[in-house]
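Chemist: One structure, pasted below without further comment.
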Amino acid sequence: MCATKNKILNLLMASLVLLITGCVDDRDFDKLETFCNDEQYDTITIGELKAMFTGDTAQIQEDLIIEGYVTSSDQSGNFYNVLHIQDSRSNPTHGLQIELELRDSHLFFNVGQHIKVKLKGLYLGESNDLFKIGGVFTSFGNRSVGRLPKTVVFDHIFTSCKDNVGVEPTLVSLTNLSDNMLSTLVKLENVEFAENLIGEPFAISNEETTRTVMDCEDNEFGLLNSGYSTFHEQLIPAQSGTITGILTKKGNSFLLTVRNVEDINLMNDRCKDVIDEYSSNNVFISELADPNNNAGARFVELYHSSDNILSLKGWSLVRYTNANLTVSSSIDLSNYTIGAKSLLVISPNAEEFERVYGFTPDIIVGTNSPADSNGDDNIALVDPFGTIIDLYGVIGEDGSGTDHEFEDGRALRKPEINIANAQFNPQEWIIINDSGGSGTLNDPQIAPEDFTPGVR
């Protein structure tokens, strides 16, 4: 009876083994066997290896070994055929990417695992400031680092027998990221996905997808997700919190790639909106110029009467040509600041302006812009919220023959005026033209002697 039971048990065990191996027949871990190794070697650092790079992908000929700690994982499918390692468990100084042809590499090299890499025969290269080692790939005579064939992976990469105590992410902010952090594990606090992405999937199916994430100061970076990852269909949350991942780069932009969805820990309220756009009635138009002798010497001058520096983010200068009721042209002032009790001179022809007046204008714009008026148009200064702060002329009224015509002349704000006016008041101006209508002065102005750009 006992013999019969043992036969049945053996048959069941054999069937179970066949079932398990049959289910994983196409997986790399069914074909490869690894062993830990604590043999002592003379090693170089990852930083020293990077210093060997001469600008071209080249094969390493020396018997050199580096050590590192695994930071990436392909368990969720967000990484594919790569390992990222860093030179210490915490506060690393350098990281490195290893290209290899090995699916389910997390079964052999899990996060935090201490590994050693025999470099002789491998290739060292660099792409997007990211250093890589691996096999070689050649295309049209150009050589780059390619995947290390799985048949030789364990001839070069082996694990130590030390207990895996994990790696600790480096706490960083978006403003202190550096190339030395590439391929290392970092953690960003107080970040959230862009509002327009809330409810969208982490990645489009079968596509590599970059999703915009920002901190509470509106600094942005990209979270790179694979459309083949196990979590790509999960929806982007609205909350803020922390994101941990491997730092990479594309062009001049840093990117973060998470190992799994648990690296995205967003449980807090969203950041409060950062107020970086301001209105002020201390900024106004101080001079408009249409020289009788040189249309290329036209300009607009702005003055700031406050004692503080003001960012012009969101501000614009607009022109209503002739009797138009809608804006004909606009100048975006967002990239500029205006100092305390300072001027900004805007020119549509920088070369001619400098030739005539002897200095370079502060802002250079194109022809037919608000700085290129022929004297019968209406000019407005608009704040970030769409409100007209200062207005020269009457919108909807052609300036010819009116009290706001400055054709072949100039309009100069009187020096006692220190506040903008959203309603045109000719009493605040000295207006000179070639007609003298409606109380203006008929005295065509000649550049440069009749104009004072940059002087209040």
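Residue names in the structure tokens use chain letters A, B, ... in the order shown, residue numbers from 1 in each chain, and ligand numbers from 1 in the order shown.
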Using DSSP secondary structure from the backbone, list all helix (DSSP H, G or I) positions within segment 68-261 of chain A, as an MDAnalysis selection string.
Modeler: chainID A and resid 105:107 153:156 179:181 195:197 261
Chemist: Using only C-alpha atoms, determine which residues lie at most 8 Å from segment 256-259 of chain A, disregarding the query and same-chain residues fewer than 4 positions distant; provide the list as a ChimeraX atom specification.
Modeler: /A:72-76,78-79,221-225,243-248,263-264
Chemist: Might you pull out every residue within 7 Å of segment 321-325 of chain A, with only C-alpha atoms counted and same-chain residues fewer than 6 positions away left off, and present them as a PyMOL selection string?
Modeler: chain A and resi 376-378+395-399
Chemist: Could you turn the residues from that selection into a file that holds all heavy atoms, as a short mmCIF file (atom, residue, chain, number, x, y, z; two decimals), in the first residue's frame?
Modeler:
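Wrote it out as again_17.cif, contents follow:
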data_model
loop_
_atom_site.label_atom_id
_atom_site.label_comp_id
_atom_site.auth_asym_id
_atom_site.auth_seq_id
_atom_site.Cartn_x
_atom_site.Cartn_y
_atom_site.Cartn_z
N ASP A 376 -0.83 107.21 -36.70
CA ASP A 376 -2.28 107.38 -36.60
C ASP A 376 -2.96 106.14 -36.01
O ASP A 376 -4.15 105.94 -36.16
CB ASP A 376 -2.90 107.72 -37.96
CG ASP A 376 -2.50 106.71 -39.04
OD1 ASP A 376 -1.90 105.67 -38.70
OD2 ASP A 376 -2.80 106.98 -40.22
N ASP A 377 -2.14 105.30 -35.33
CA ASP A 377 -2.67 104.08 -34.71
C ASP A 377 -2.85 104.28 -33.20
O ASP A 377 -2.39 105.27 -32.63
CB ASP A 377 -1.72 102.91 -34.96
CG ASP A 377 -1.39 102.72 -36.42
OD1 ASP A 377 -2.34 102.71 -37.23
OD2 ASP A 377 -0.20 102.59 -36.77
N ASN A 378 -3.49 103.30 -32.57
CA ASN A 378 -3.73 103.35 -31.13
C ASN A 378 -2.95 102.20 -30.47
O ASN A 378 -3.01 101.06 -30.92
CB ASN A 378 -5.21 103.23 -30.83
CG ASN A 378 -6.01 104.31 -31.57
OD1 ASN A 378 -5.80 105.49 -31.35
ND2 ASN A 378 -6.89 103.89 -32.47
N ILE A 395 -9.41 103.71 -29.17
CA ILE A 395 -9.64 102.49 -29.95
C ILE A 395 -10.87 102.68 -30.84
O ILE A 395 -11.94 103.08 -30.36
CB ILE A 395 -9.79 101.27 -29.03
CG1 ILE A 395 -8.50 101.04 -28.24
CG2 ILE A 395 -10.15 100.02 -29.84
CD1 ILE A 395 -8.60 99.97 -27.18
N GLY A 396 -10.71 102.39 -32.13
CA GLY A 396 -11.80 102.54 -33.07
C GLY A 396 -11.78 103.87 -33.80
O GLY A 396 -12.62 104.10 -34.68
N GLU A 397 -10.82 104.75 -33.47
CA GLU A 397 -10.73 106.06 -34.12
C GLU A 397 -9.38 106.20 -34.82
O GLU A 397 -8.33 106.07 -34.19
CB GLU A 397 -10.89 107.17 -33.08
CG GLU A 397 -10.79 108.57 -33.67
CD GLU A 397 -10.96 109.64 -32.61
OE1 GLU A 397 -9.97 109.97 -31.92
OE2 GLU A 397 -12.09 110.12 -32.46
N ASP A 398 -9.41 106.45 -36.12
CA ASP A 398 -8.18 106.73 -36.86
C ASP A 398 -7.57 108.02 -36.32
O ASP A 398 -8.27 109.03 -36.14
CB ASP A 398 -8.50 106.86 -38.35
CG ASP A 398 -7.25 106.94 -39.20
OD1 ASP A 398 -6.42 107.83 -38.96
OD2 ASP A 398 -7.10 106.10 -40.11
N GLY A 399 -6.26 107.99 -36.07
CA GLY A 399 -5.62 109.14 -35.43
C GLY A 399 -5.42 110.35 -36.31
O GLY A 399 -5.11 111.44 -35.79
#
Chemist: From a DSSP calculation on the backbone, collect every residue of segment 187-261 of chain A in strand (DSSP E) and output the set as a count of residues only.
Modeler: 36
Chemist: If you measure from atom CA of Leu182 of chain A to atom CA of Glu48 of chain A, what distance in Å do you get, rounded to one decimal?
Modeler: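 Calculated distance between atom CA of Leu182 of chain A and atom CA of Glu48 of chain A is 15.4 Å.
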Chemist: Which one is closest to Asn180 of chain A: A:Met267, A:Ile363, A:Leu130, A:Met52? Count only C-alpha atoms.
Modeler: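 Of all the options, A:Leu130 lies closest to Asn180 of chain A.
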Chemist: So the first atom is atom CA of Pro291 of chain A and the second is atom CA of Ser373 of chain A; what is the distance between them in Å, to one decimal place?
Modeler: 10.6 Å
Chemist: Produce a table with one row for each residue of segment 260-296 of chain A that has an atom at most 6 Å from any atom of segment 302-306 of chain A, each row naming the nearest atom pair and its distance in Å at one decimal; use only C-alpha atoms; arrange rows by chain and rising residue number; format as JSON lines.
Modeler:
{"residue": "A:Asn282", "atom": "CA", "partner": "A:Ser305", "partner_atom": "CA", "distance": 5.2}
{"residue": "A:Val283", "atom": "CA", "partner": "A:His304", "partner_atom": "CA", "distance": 4.5}
{"residue": "A:Phe284", "atom": "CA", "partner": "A:Tyr303", "partner_atom": "CA", "distance": 5.6}
{"residue": "A:Ile285", "atom": "CA", "partner": "A:Leu302", "partner_atom": "CA", "distance": 4.6}
{"residue": "A:Ser286", "atom": "CA", "partner": "A:Leu302", "partner_atom": "CA", "distance": 5.3}
Chemist: Give me the residues near Thr387 of chain A as a ChimeraX atom specification, where near means some atom within 12 Å (using only C-alpha atoms) and where sequence neighbours in that chain fewer than 3 positions away do not count.
Modeler: /A:278-281,314-318,380-384,390-391,421-422
Chemist: Calculated over only C-alpha atoms, which of the candidates A:Leu102, A:Ile66, A:Leu49, A:Val300 has the smallest distance to Val82 of chain A?
Modeler: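 Checking each of A:Leu102, A:Ile66, A:Leu49, A:Val300 against Val82 of chain A, counting only C-alpha atoms, the winner is A:Leu102.
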Chemist: I need the residue nearest Ile431 of chain A from this list: A:Ile115, A:Leu333, A:Leu412, A:Cys216. Use only C-alpha atoms for the distance.
Modeler: A:Leu412
Chemist: Write out as a VMD selection string each polymer residue whose atoms come within 12 Å of Phe137 of chain A, counting only C-alpha atoms; drop sequence neighbours fewer than 2 positions from it.
Modeler: chain A and resid 57 to 59 99 to 100 122 to 125 133 to 135 139 to 149
Chemist: Go ahead and write the residues just picked, N, CA, C and O atoms, as an mmCIF file, in the first residue's frame.
Modeler:
data_model
loop_
_atom_site.group_PDB
_atom_site.id
_atom_site.type_symbol
_atom_site.label_atom_id
_atom_site.label_comp_id
_atom_site.auth_asym_id
_atom_site.auth_seq_id
_atom_site.Cartn_x
_atom_site.Cartn_y
_atom_site.Cartn_z
ATOM 1 N N THR A 57 32.589 55.329 -29.410
ATOM 2 C CA THR A 57 32.362 54.004 -28.845
ATOM 3 C C THR A 57 33.574 53.116 -29.136
ATOM 4 O O THR A 57 34.021 53.015 -30.284
ATOM 5 N N ALA A 58 34.132 52.505 -28.097
ATOM 6 C CA ALA A 58 35.346 51.699 -28.267
ATOM 7 C C ALA A 58 35.294 50.481 -27.361
ATOM 8 O O ALA A 58 34.648 50.491 -26.303
ATOM 9 N N GLN A 59 35.982 49.433 -27.782
ATOM 10 C CA GLN A 59 36.044 48.204 -27.000
ATOM 11 C C GLN A 59 37.105 48.336 -25.907
ATOM 12 O O GLN A 59 38.192 48.862 -26.135
ATOM 13 N N GLU A 99 23.717 47.561 -21.372
ATOM 14 C CA GLU A 99 22.829 47.020 -22.396
ATOM 15 C C GLU A 99 23.025 45.507 -22.456
ATOM 16 O O GLU A 99 24.148 45.029 -22.596
ATOM 17 N N LEU A 100 21.941 44.741 -22.346
ATOM 18 C CA LEU A 100 22.073 43.294 -22.374
ATOM 19 C C LEU A 100 20.831 42.643 -22.964
ATOM 20 O O LEU A 100 19.726 43.186 -22.874
ATOM 21 N N LEU A 122 33.976 44.295 -23.519
ATOM 22 C CA LEU A 122 32.756 45.097 -23.622
ATOM 23 C C LEU A 122 33.067 46.422 -24.327
ATOM 24 O O LEU A 122 34.221 46.826 -24.461
ATOM 25 N N TYR A 123 32.007 47.103 -24.748
ATOM 26 C CA TYR A 123 32.150 48.394 -25.413
ATOM 27 C C TYR A 123 31.644 49.498 -24.491
ATOM 28 O O TYR A 123 30.647 49.325 -23.779
ATOM 29 N N LEU A 124 32.357 50.616 -24.527
ATOM 30 C CA LEU A 124 32.001 51.784 -23.735
ATOM 31 C C LEU A 124 31.575 52.912 -24.673
ATOM 32 O O LEU A 124 32.279 53.223 -25.631
ATOM 33 N N GLY A 125 30.413 53.482 -24.414
ATOM 34 C CA GLY A 125 29.918 54.569 -25.251
ATOM 35 C C GLY A 125 29.067 55.534 -24.445
ATOM 36 O O GLY A 125 28.886 55.367 -23.229
ATOM 37 N N ILE A 133 27.671 50.552 -21.241
ATOM 38 C CA ILE A 133 28.565 49.477 -21.626
ATOM 39 C C ILE A 133 27.717 48.313 -22.128
ATOM 40 O O ILE A 133 26.527 48.195 -21.772
ATOM 41 N N GLY A 134 28.285 47.470 -22.963
ATOM 42 C CA GLY A 134 27.546 46.329 -23.499
ATOM 43 C C GLY A 134 28.250 45.755 -24.704
ATOM 44 O O GLY A 134 29.484 45.816 -24.828
ATOM 45 N N GLY A 135 27.467 45.214 -25.632
ATOM 46 C CA GLY A 135 27.993 44.710 -26.889
ATOM 47 C C GLY A 135 28.161 45.858 -27.868
ATOM 48 O O GLY A 135 28.281 47.020 -27.474
ATOM 49 N N SER A 139 25.855 50.535 -37.615
ATOM 50 C CA SER A 139 24.899 50.917 -38.646
ATOM 51 C C SER A 139 25.541 51.949 -39.557
ATOM 52 O O SER A 139 26.007 52.992 -39.081
ATOM 53 N N PHE A 140 25.607 51.648 -40.851
ATOM 54 C CA PHE A 140 26.202 52.538 -41.841
ATOM 55 C C PHE A 140 27.606 52.980 -41.424
ATOM 56 O O PHE A 140 28.003 54.131 -41.585
ATOM 57 N N GLY A 141 28.340 52.036 -40.845
ATOM 58 C CA GLY A 141 29.707 52.314 -40.449
ATOM 59 C C GLY A 141 29.856 53.002 -39.118
ATOM 60 O O GLY A 141 30.971 53.204 -38.631
ATOM 61 N N ASN A 142 28.739 53.391 -38.492
ATOM 62 C CA ASN A 142 28.782 54.050 -37.187
ATOM 63 C C ASN A 142 28.586 53.025 -36.084
ATOM 64 O O ASN A 142 27.649 52.217 -36.122
ATOM 65 N N ARG A 143 29.448 53.065 -35.103
ATOM 66 C CA ARG A 143 29.421 52.071 -34.034
ATOM 67 C C ARG A 143 28.842 52.673 -32.762
ATOM 68 O O ARG A 143 29.159 53.817 -32.398
ATOM 69 N N SER A 144 27.968 51.924 -32.119
ATOM 70 C CA SER A 144 27.406 52.356 -30.843
ATOM 71 C C SER A 144 27.280 51.145 -29.930
ATOM 72 O O SER A 144 27.421 49.996 -30.373
ATOM 73 N N VAL A 145 27.019 51.401 -28.654
ATOM 74 C CA VAL A 145 26.862 50.303 -27.701
ATOM 75 C C VAL A 145 25.550 49.575 -27.978
ATOM 76 O O VAL A 145 24.494 50.205 -28.091
ATOM 77 N N GLY A 146 25.623 48.251 -28.102
ATOM 78 C CA GLY A 146 24.443 47.420 -28.318
ATOM 79 C C GLY A 146 24.280 46.415 -27.192
ATOM 80 O O GLY A 146 25.029 46.421 -26.207
ATOM 81 N N ARG A 147 23.313 45.554 -27.349
ATOM 82 C CA ARG A 147 23.019 44.579 -26.291
ATOM 83 C C ARG A 147 24.076 43.496 -26.230
ATOM 84 O O ARG A 147 24.521 42.968 -27.245
ATOM 85 N N LEU A 148 24.451 43.150 -25.015
ATOM 86 C CA LEU A 148 25.367 42.051 -24.772
ATOM 87 C C LEU A 148 24.603 40.743 -24.939
ATOM 88 O O LEU A 148 23.584 40.535 -24.271
ATOM 89 N N PRO A 149 25.019 39.840 -25.841
ATOM 90 C CA PRO A 149 24.267 38.592 -26.061
ATOM 91 C C PRO A 149 24.084 37.811 -24.772
ATOM 92 O O PRO A 149 24.996 37.745 -23.935
#
Chemist: Nearest to Asp163 of chain A among A:Val111, A:Leu197, A:Ile417, A:Val117, with distances taken over only C-alpha atoms: which residue is it?
Modeler: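 Ranking A:Val111, A:Leu197, A:Ile417, A:Val117 by distance to Asp163 of chain A, first place goes to A:Val111.
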Chemist: May I ask for the distance between atom CA of Phe193 of chain A and atom CA of Met214 of chain A, given in Å to one decimal place?
Modeler: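 It comes out at 6.2 Å.
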